[in-house]
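Text of final31.txt, listed as compact mmCIF, C-alpha atoms:
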```
# COMPACT_ATOMS: atom_id res chain seq x y z
CA MET T 21 -2.78 -6.97 -3.84
CA ALA T 22 -1.87 -10.56 -3.00
CA PRO T 23 -2.59 -13.33 -0.50
CA VAL T 24 -0.44 -13.86 2.58
CA GLY T 25 3.00 -15.21 1.72
CA ASN T 26 3.35 -13.79 -1.80
CA GLY T 27 5.69 -11.00 -0.71
CA LYS T 28 3.55 -7.88 -1.18
CA THR T 29 5.29 -6.09 1.70
CA ARG T 30 8.69 -6.98 0.28
CA LEU T 31 7.64 -5.79 -3.16
CA ALA T 32 6.62 -2.44 -1.69
CA VAL T 33 9.48 -1.89 0.77
CA SER T 34 12.36 -3.33 -1.28
CA GLY T 35 11.07 -2.91 -4.82
CA LEU T 36 8.90 0.21 -4.98
CA LEU T 37 9.81 2.57 -2.13
CA PRO T 38 13.53 2.72 -3.13
CA LEU T 39 12.34 4.51 -6.28
CA TRP T 40 11.69 7.41 -3.89
CA SER T 41 14.97 7.09 -1.97
CA ARG T 42 15.37 10.88 -1.89
CA ALA T 43 11.74 11.64 -1.09
CA ARG T 44 9.99 11.99 2.26
CA VAL T 45 8.35 8.62 2.90
CA LEU T 46 5.74 7.98 5.58
CA ILE T 47 4.98 4.34 6.44
CA LEU T 48 1.74 3.74 8.35
CA ASP T 49 2.42 0.51 10.20
CA VAL T 50 -0.69 -1.28 11.48
CA LYS T 51 1.25 -4.52 12.10
CA GLY T 52 3.82 -3.22 14.56
CA SER T 53 6.32 -6.07 14.75
CA TYR T 54 6.28 -7.42 11.21
CA PRO T 55 9.93 -8.03 10.13
CA GLU T 56 9.60 -6.73 6.56
CA LEU T 57 8.43 -3.35 7.89
CA GLN T 58 11.38 -2.68 10.21
CA VAL T 59 12.58 0.28 8.15
CA GLY T 60 12.70 4.03 8.63
CA VAL T 61 12.91 6.21 11.73
CA VAL T 62 10.18 5.12 14.14
CA ARG T 63 7.85 7.93 15.19
CA SER T 64 4.76 8.06 17.39
CA ASP T 65 3.13 10.73 15.23
CA PHE T 66 3.52 12.62 11.97
CA PRO T 67 7.15 13.77 11.56
CA GLY T 68 6.42 17.18 9.99
CA ARG T 69 8.07 18.97 7.11
CA LEU T 70 10.95 20.42 9.13
CA ILE T 71 12.27 17.17 10.56
CA ARG T 72 15.90 16.49 9.65
CA GLU T 73 16.31 13.04 11.21
CA ARG T 74 17.26 10.30 8.75
CA ASP T 75 17.41 6.52 8.90
CA ASP T 76 20.52 4.35 8.84
CA HIS T 77 20.69 4.66 5.04
CA GLY T 78 20.45 8.45 5.06
CA ARG T 79 16.84 8.41 3.84
CA ARG T 80 13.96 10.56 5.06
CA TRP T 81 11.82 7.51 5.72
CA TYR T 82 9.57 7.58 8.81
CA ARG T 83 7.46 4.76 10.22
CA VAL T 84 4.52 5.57 12.45
CA ILE T 85 3.22 2.58 14.40
CA VAL T 86 -0.54 3.01 14.50
CA PRO T 87 -2.03 2.11 17.91
CA LYS T 88 -4.25 -0.96 17.83
CA GLU T 89 -6.91 0.66 20.02
CA VAL T 90 -9.41 1.85 17.43
CA GLU T 91 -10.09 5.44 18.50
CA GLU T 92 -6.48 6.28 19.28
CA GLY T 93 -5.29 4.49 16.15
CA ARG T 94 -7.83 6.41 14.07
CA ARG T 95 -6.64 9.73 15.49
CA VAL T 96 -2.98 8.98 14.80
CA ALA T 97 -3.56 7.58 11.30
CA TYR T 98 -5.94 10.37 10.30
CA ARG T 99 -3.54 13.06 11.52
CA CYS T 100 -0.71 11.48 9.52
CA LEU T 101 -2.75 11.16 6.34
CA ALA T 102 -4.25 14.64 6.59
CA ARG T 103 -0.94 16.38 7.25
CA ALA T 104 0.89 14.48 4.51
CA TYR T 105 -1.90 15.40 2.10
CA ASN T 106 -1.88 19.06 3.11
CA GLU T 107 1.90 19.45 3.25
CA ARG T 108 2.29 17.81 -0.17
CA ASN T 109 5.38 16.07 -1.57
CA TRP T 110 5.04 12.97 0.60
CA VAL T 111 5.01 9.30 -0.36
CA VAL T 112 2.69 7.37 1.99
CA TYR T 113 2.80 3.59 2.26
CA CYS T 114 -0.07 1.66 3.90
CA ASP T 115 0.77 -2.02 4.12
CA GLU T 116 -2.82 -3.12 4.85
CA VAL T 117 -5.16 -0.47 3.53
CA VAL T 118 -8.29 -2.45 4.48
CA LYS T 119 -7.45 -2.02 8.17
CA LEU T 120 -7.33 1.75 7.66
CA SER T 121 -10.41 2.01 5.47
CA ARG T 122 -12.83 -0.49 6.99
CA PRO T 123 -15.56 1.10 9.16
CA ARG T 124 -15.15 0.99 12.90
CA PRO T 125 -14.89 -1.11 15.00
CA GLU T 126 -13.27 -3.62 12.58
CA GLY T 127 -11.05 -0.90 11.12
CA TYR T 128 -10.17 2.76 11.56
CA GLY T 129 -12.86 4.14 9.25
CA LEU T 130 -10.56 6.31 7.11
CA GLY T 131 -11.90 5.45 3.66
CA ALA T 132 -12.86 9.05 2.86
CA ILE T 133 -9.41 10.57 3.29
CA LEU T 134 -7.79 7.66 1.45
CA ASP T 135 -10.14 8.43 -1.45
CA GLN T 136 -8.75 11.98 -1.50
CA PHE T 137 -5.24 10.67 -2.13
CA TYR T 138 -6.34 8.66 -5.12
CA LEU T 139 -8.79 11.15 -6.57
CA ASP T 140 -6.55 14.23 -6.62
CA GLY T 141 -3.24 13.25 -5.00
CA ARG T 142 -1.46 13.55 -8.35
CA TYR T 143 -2.06 17.28 -8.34
CA ARG T 144 -0.95 17.93 -4.74
CA PRO T 145 1.44 16.08 -5.37
CA VAL T 146 1.28 13.17 -2.93
CA THR T 147 1.72 9.47 -3.67
CA LEU T 148 -0.13 6.66 -1.92
CA ILE T 149 1.11 3.07 -2.11
CA ALA T 150 -1.48 0.70 -0.66
CA GLY T 151 -1.31 -3.04 -0.09
CA THR T 152 -4.05 -5.53 0.71
CA GLN T 153 -4.50 -9.28 0.85
CA ARG T 154 -7.73 -9.43 -1.14
CA PRO T 155 -9.91 -7.22 -3.36
CA ALA T 156 -12.96 -7.37 -1.06
CA ASN T 157 -13.66 -4.46 1.33
CA VAL T 158 -11.18 -2.14 -0.38
CA PRO T 159 -12.34 1.43 -1.16
CA GLN T 160 -13.36 1.62 -4.81
CA ALA T 161 -11.02 4.53 -5.53
CA VAL T 162 -8.08 2.43 -4.34
CA LEU T 163 -8.94 -0.05 -7.09
CA ASP T 164 -10.02 2.36 -9.81
CA GLN T 165 -7.50 5.19 -9.59
CA PRO T 166 -3.94 3.77 -9.29
CA THR T 167 -1.49 4.41 -12.12
CA HIS T 168 0.33 1.18 -11.25
CA LEU T 169 -1.37 -1.96 -9.99
CA TYR T 170 0.24 -5.25 -8.95
CA VAL T 171 -1.94 -8.31 -8.35
CA GLY T 172 -0.53 -11.61 -7.10
CA PRO T 173 -1.96 -15.13 -7.56
CA LEU T 174 -5.65 -15.47 -6.75
CA HIS T 175 -6.54 -19.14 -7.07
CA ASP T 176 -10.02 -18.90 -5.59
CA GLU T 177 -12.64 -18.46 -8.35
CA TYR T 178 -14.39 -15.51 -6.72
CA ARG T 179 -11.20 -13.65 -5.86
CA ALA T 180 -9.76 -14.30 -9.31
CA SER T 181 -12.92 -12.92 -10.93
CA ARG T 182 -12.85 -9.90 -8.66
CA GLY T 183 -9.15 -9.41 -9.38
CA GLY T 184 -9.91 -9.45 -13.10
CA GLU T 185 -12.51 -6.74 -12.57
CA VAL T 186 -9.97 -4.67 -10.64
CA LEU T 187 -7.52 -5.00 -13.50
CA GLY T 188 -10.19 -3.91 -15.95
CA ASP T 189 -10.67 -7.23 -17.74
CA ARG T 190 -12.64 -10.14 -16.31
CA HIS T 191 -10.91 -12.48 -18.74
CA LEU T 192 -7.71 -12.01 -16.76
CA ARG T 193 -9.11 -14.18 -13.98
CA ASP T 194 -7.62 -17.27 -15.64
CA GLU T 195 -4.23 -15.56 -15.80
CA LEU T 196 -4.45 -14.71 -12.09
CA LYS T 197 -5.31 -18.33 -11.26
CA ARG T 198 -2.23 -19.50 -13.18
CA LEU T 199 0.19 -17.25 -11.32
CA GLN T 200 2.58 -18.95 -8.91
CA ARG T 201 4.01 -17.68 -5.64
CA PHE T 202 5.99 -14.45 -6.13
CA ASP T 203 4.40 -13.88 -9.56
CA TRP T 204 2.65 -10.56 -10.22
CA LEU T 205 0.34 -9.34 -12.93
CA TYR T 206 1.23 -5.68 -13.38
CA ARG T 207 -1.10 -3.14 -14.98
CA TYR T 208 -0.04 0.30 -16.20
CA ALA T 209 -3.29 2.25 -16.24
CA PRO T 210 -2.52 5.11 -18.71
CA ASP T 211 -2.29 2.73 -21.68
CA ASN T 212 -4.00 -0.27 -20.03
CA SER T 213 -1.00 -2.50 -20.69
CA TYR T 214 -0.18 -5.67 -18.75
CA GLN T 215 2.96 -7.55 -17.87
CA THR T 216 3.71 -10.63 -15.78
CA LEU T 217 6.75 -10.33 -13.55
CA ARG T 218 8.37 -12.14 -10.66
CA TYR T 219 9.68 -10.53 -7.49
CA GLY T 220 10.66 -11.89 -4.08
CA ALA T 221 11.55 -15.49 -4.95
CA ASP T 222 15.18 -14.89 -3.92
CA HIS T 223 14.00 -14.21 -0.35
CA PRO T 224 11.19 -16.68 0.42
CA GLY T 225 8.88 -15.99 3.30
CA GLY T 226 7.04 -12.83 4.24
CA ALA T 227 3.66 -11.33 3.50
```
Written as structure tokens, how would this file's structure read?
Amino acid sequence: MAPVGNGKTRLAVSGLLPLWSRARVLILDVKGSYPELQVGVVRSDFPGRLIRERDDHGRRWYRVIVPKEVEEGRRVAYRCLARAYNERNWVVYCDEVVKLSRPRPEGYGLGAILDQFYLDGRYRPVTLIAGTQRPANVPQAVLDQPTHLYVGPLHDEYRASRGGEVLGDRHLRDELKRLQRFDWLYRYAPDNSYQTLRYGADHPGGA
């Protein structure tokens, strides 16, 4: 979670997803032409468990470009999420989870199935990596359930306070306000530990 320009997409695509370089990765792309997301084999729908096609790096990474028209986009995104959840052993990355979860017509209205990933995805097993620009309008399970949570600088008082709540400690709002571009406050939920790190400064630009 970070404002535009702090490199959340780069953190996910270049920092986190490579941890699953041998896994089946599904990227739900609601941006379409964003440079940082030009990875994986482009598909128009869910690739399915039997697909053997690999990207230029030999990875089973697949990027589905979600149609911008709400009803068609909802059908495509829901089918992808439902099949990944039911097939198991998928890593799903949603670069802007608010677009997927927000009720129609502003979004695709898929908050319920996203909740399923967070509430019992660990036991399927399926992994959901979700990004957003701000803590408002995000499904509560997306904020409450993650094992790993990265929050970038939030200099606005309200957003910093909300970010502190998301991290489980309102007093962290001052720490979030002190963060600089490309800084991240990382929380590991099982032991509620925190760490400040920096990622993306070597490649400025990007969301």
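Considering the residues T:Gly25, T:Gly184, T:Pro55, T:Pro125 and counting all atoms listed in the file, T:Lys197 has its shortest atom-to-atom contact with T:Gly184.
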7 Å contact set for T:Met21, only C-alpha atoms, chain neighbours under 4 positions out, as a ChimeraX atom specification: /T:28,151-154,170-172
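Minimum distance to T:Tyr98 across T:Asp140, T:Asp189, T:Asp65, T:Glu56 (counting only C-alpha atoms) occurs at T:Asp65.
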Atomic distance atom CA of T:Val24 - atom CA of T:Cys114, expressed in Å with one decimal: 15.6 Å
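As for atom CA of T:Gln136 and atom CA of T:Arg69, they are spaced 20.1 Å apart.
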Take every atom of stretch 112-127 of chain T listed in the file, fit an axis-aligned box around them, add 3 Å per side, and give the centre and edge lengths in Å to one decimal as AutoDock Vina command-line options.
```
--center_x -6.4 --center_y 1.9 --center_z 8.5 --size_x 24.4 --size_y 17.0 --size_z 19.0
```
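Candidate residues T:Leu199, T:Val96, T:Ile149, T:Val61 were compared for distance to T:Val111, and the nearest is T:Ile149, using only C-alpha atoms.
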Reconstruct N, CA and C atoms of stretch 116-150 of chain T from the incomplete input and present them as a PDB file, in the coordinates of the input.
```
ATOM      1  N   GLU T 116      -1.516  -2.449   4.884  1.00  0.00           N
ATOM      2  CA  GLU T 116      -2.820  -3.120   4.850  1.00  0.00           C
ATOM      3  C   GLU T 116      -3.908  -2.056   4.862  1.00  0.00           C
ATOM      4  N   VAL T 117      -4.255  -1.615   3.665  1.00  0.00           N
ATOM      5  CA  VAL T 117      -5.160  -0.470   3.530  1.00  0.00           C
ATOM      6  C   VAL T 117      -6.569  -0.800   4.029  1.00  0.00           C
ATOM      7  N   VAL T 118      -6.955  -2.082   4.010  1.00  0.00           N
ATOM      8  CA  VAL T 118      -8.290  -2.450   4.480  1.00  0.00           C
ATOM      9  C   VAL T 118      -8.448  -2.128   5.966  1.00  0.00           C
ATOM     10  N   LYS T 119      -7.391  -2.340   6.743  1.00  0.00           N
ATOM     11  CA  LYS T 119      -7.450  -2.020   8.170  1.00  0.00           C
ATOM     12  C   LYS T 119      -7.705  -0.531   8.387  1.00  0.00           C
ATOM     13  N   LEU T 120      -7.133   0.306   7.539  1.00  0.00           N
ATOM     14  CA  LEU T 120      -7.330   1.750   7.660  1.00  0.00           C
ATOM     15  C   LEU T 120      -8.699   2.180   7.170  1.00  0.00           C
ATOM     16  N   SER T 121      -9.189   1.535   6.122  1.00  0.00           N
ATOM     17  CA  SER T 121     -10.410   2.010   5.470  1.00  0.00           C
ATOM     18  C   SER T 121     -11.697   1.403   6.025  1.00  0.00           C
ATOM     19  N   ARG T 122     -11.619   0.201   6.541  1.00  0.00           N
ATOM     20  CA  ARG T 122     -12.830  -0.490   6.990  1.00  0.00           C
ATOM     21  C   ARG T 122     -13.509   0.281   8.119  1.00  0.00           C
ATOM     22  N   PRO T 123     -14.840   0.366   8.102  1.00  0.00           N
ATOM     23  CA  PRO T 123     -15.560   1.100   9.160  1.00  0.00           C
ATOM     24  C   PRO T 123     -15.251   0.542  10.543  1.00  0.00           C
ATOM     25  N   ARG T 124     -15.318   1.433  11.522  1.00  0.00           N
ATOM     26  CA  ARG T 124     -15.150   0.990  12.900  1.00  0.00           C
ATOM     27  C   ARG T 124     -16.295   0.068  13.310  1.00  0.00           C
ATOM     28  N   PRO T 125     -16.094  -0.891  14.200  1.00  0.00           N
ATOM     29  CA  PRO T 125     -14.890  -1.110  15.000  1.00  0.00           C
ATOM     30  C   PRO T 125     -13.877  -2.073  14.367  1.00  0.00           C
ATOM     31  N   GLU T 126     -14.205  -2.672  13.188  1.00  0.00           N
ATOM     32  CA  GLU T 126     -13.270  -3.620  12.580  1.00  0.00           C
ATOM     33  C   GLU T 126     -12.014  -2.911  12.061  1.00  0.00           C
ATOM     34  N   GLY T 127     -12.176  -1.661  11.635  1.00  0.00           N
ATOM     35  CA  GLY T 127     -11.050  -0.900  11.120  1.00  0.00           C
ATOM     36  C   GLY T 127     -11.038   0.500  11.706  1.00  0.00           C
ATOM     37  N   TYR T 128     -10.295   1.404  11.051  1.00  0.00           N
ATOM     38  CA  TYR T 128     -10.170   2.760  11.560  1.00  0.00           C
ATOM     39  C   TYR T 128     -11.115   3.746  10.872  1.00  0.00           C
ATOM     40  N   GLY T 129     -11.846   3.294   9.871  1.00  0.00           N
ATOM     41  CA  GLY T 129     -12.860   4.140   9.250  1.00  0.00           C
ATOM     42  C   GLY T 129     -12.323   5.347   8.512  1.00  0.00           C
ATOM     43  N   LEU T 130     -11.209   5.181   7.774  1.00  0.00           N
ATOM     44  CA  LEU T 130     -10.560   6.310   7.110  1.00  0.00           C
ATOM     45  C   LEU T 130     -10.679   6.246   5.590  1.00  0.00           C
ATOM     46  N   GLY T 131     -11.722   5.592   5.105  1.00  0.00           N
ATOM     47  CA  GLY T 131     -11.900   5.450   3.660  1.00  0.00           C
ATOM     48  C   GLY T 131     -11.997   6.779   2.930  1.00  0.00           C
ATOM     49  N   ALA T 132     -12.635   7.777   3.545  1.00  0.00           N
ATOM     50  CA  ALA T 132     -12.860   9.050   2.860  1.00  0.00           C
ATOM     51  C   ALA T 132     -11.555   9.781   2.562  1.00  0.00           C
ATOM     52  N   ILE T 133     -10.652   9.844   3.538  1.00  0.00           N
ATOM     53  CA  ILE T 133      -9.410  10.570   3.290  1.00  0.00           C
ATOM     54  C   ILE T 133      -8.486   9.782   2.363  1.00  0.00           C
ATOM     55  N   LEU T 134      -8.554   8.455   2.404  1.00  0.00           N
ATOM     56  CA  LEU T 134      -7.790   7.660   1.450  1.00  0.00           C
ATOM     57  C   LEU T 134      -8.274   7.923   0.029  1.00  0.00           C
ATOM     58  N   ASP T 135      -9.589   8.084  -0.135  1.00  0.00           N
ATOM     59  CA  ASP T 135     -10.140   8.430  -1.450  1.00  0.00           C
ATOM     60  C   ASP T 135      -9.531   9.734  -1.964  1.00  0.00           C
ATOM     61  N   GLN T 136      -9.314  10.698  -1.083  1.00  0.00           N
ATOM     62  CA  GLN T 136      -8.750  11.980  -1.500  1.00  0.00           C
ATOM     63  C   GLN T 136      -7.382  11.796  -2.144  1.00  0.00           C
ATOM     64  N   PHE T 137      -6.570  10.914  -1.564  1.00  0.00           N
ATOM     65  CA  PHE T 137      -5.240  10.670  -2.130  1.00  0.00           C
ATOM     66  C   PHE T 137      -5.337  10.180  -3.562  1.00  0.00           C
ATOM     67  N   TYR T 138      -6.236   9.245  -3.788  1.00  0.00           N
ATOM     68  CA  TYR T 138      -6.340   8.660  -5.120  1.00  0.00           C
ATOM     69  C   TYR T 138      -7.047   9.573  -6.113  1.00  0.00           C
ATOM     70  N   LEU T 139      -8.009  10.343  -5.655  1.00  0.00           N
ATOM     71  CA  LEU T 139      -8.790  11.150  -6.570  1.00  0.00           C
ATOM     72  C   LEU T 139      -8.041  12.398  -7.041  1.00  0.00           C
ATOM     73  N   ASP T 140      -7.271  13.035  -6.161  1.00  0.00           N
ATOM     74  CA  ASP T 140      -6.550  14.230  -6.620  1.00  0.00           C
ATOM     75  C   ASP T 140      -5.135  14.336  -6.059  1.00  0.00           C
ATOM     76  N   GLY T 141      -4.594  13.225  -5.536  1.00  0.00           N
ATOM     77  CA  GLY T 141      -3.240  13.250  -5.000  1.00  0.00           C
ATOM     78  C   GLY T 141      -2.193  13.621  -6.035  1.00  0.00           C
ATOM     79  N   ARG T 142      -2.433  13.269  -7.286  1.00  0.00           N
ATOM     80  CA  ARG T 142      -1.460  13.550  -8.350  1.00  0.00           C
ATOM     81  C   ARG T 142      -1.201  15.045  -8.478  1.00  0.00           C
ATOM     82  N   TYR T 143      -2.192  15.843  -8.161  1.00  0.00           N
ATOM     83  CA  TYR T 143      -2.060  17.280  -8.340  1.00  0.00           C
ATOM     84  C   TYR T 143      -1.562  17.994  -7.089  1.00  0.00           C
ATOM     85  N   ARG T 144      -1.380  17.265  -5.977  1.00  0.00           N
ATOM     86  CA  ARG T 144      -0.950  17.930  -4.740  1.00  0.00           C
ATOM     87  C   ARG T 144       0.524  18.354  -4.804  1.00  0.00           C
ATOM     88  N   PRO T 145       1.532  17.517  -5.092  1.00  0.00           N
ATOM     89  CA  PRO T 145       1.440  16.080  -5.370  1.00  0.00           C
ATOM     90  C   PRO T 145       1.747  15.260  -4.117  1.00  0.00           C
ATOM     91  N   VAL T 146       0.991  14.169  -3.935  1.00  0.00           N
ATOM     92  CA  VAL T 146       1.280  13.170  -2.930  1.00  0.00           C
ATOM     93  C   VAL T 146       1.074  11.798  -3.575  1.00  0.00           C
ATOM     94  N   THR T 147       1.822  10.821  -3.121  1.00  0.00           N
ATOM     95  CA  THR T 147       1.720   9.470  -3.670  1.00  0.00           C
ATOM     96  C   THR T 147       1.288   8.523  -2.568  1.00  0.00           C
ATOM     97  N   LEU T 148       0.317   7.676  -2.861  1.00  0.00           N
ATOM     98  CA  LEU T 148      -0.130   6.660  -1.920  1.00  0.00           C
ATOM     99  C   LEU T 148       0.141   5.285  -2.507  1.00  0.00           C
ATOM    100  N   ILE T 149       0.879   4.472  -1.752  1.00  0.00           N
ATOM    101  CA  ILE T 149       1.110   3.070  -2.110  1.00  0.00           C
ATOM    102  C   ILE T 149       0.341   2.234  -1.096  1.00  0.00           C
ATOM    103  N   ALA T 150      -0.594   1.445  -1.565  1.00  0.00           N
ATOM    104  CA  ALA T 150      -1.480   0.700  -0.660  1.00  0.00           C
ATOM    105  C   ALA T 150      -1.415  -0.782  -0.975  1.00  0.00           C
TER     106      ALA T 150
END
```
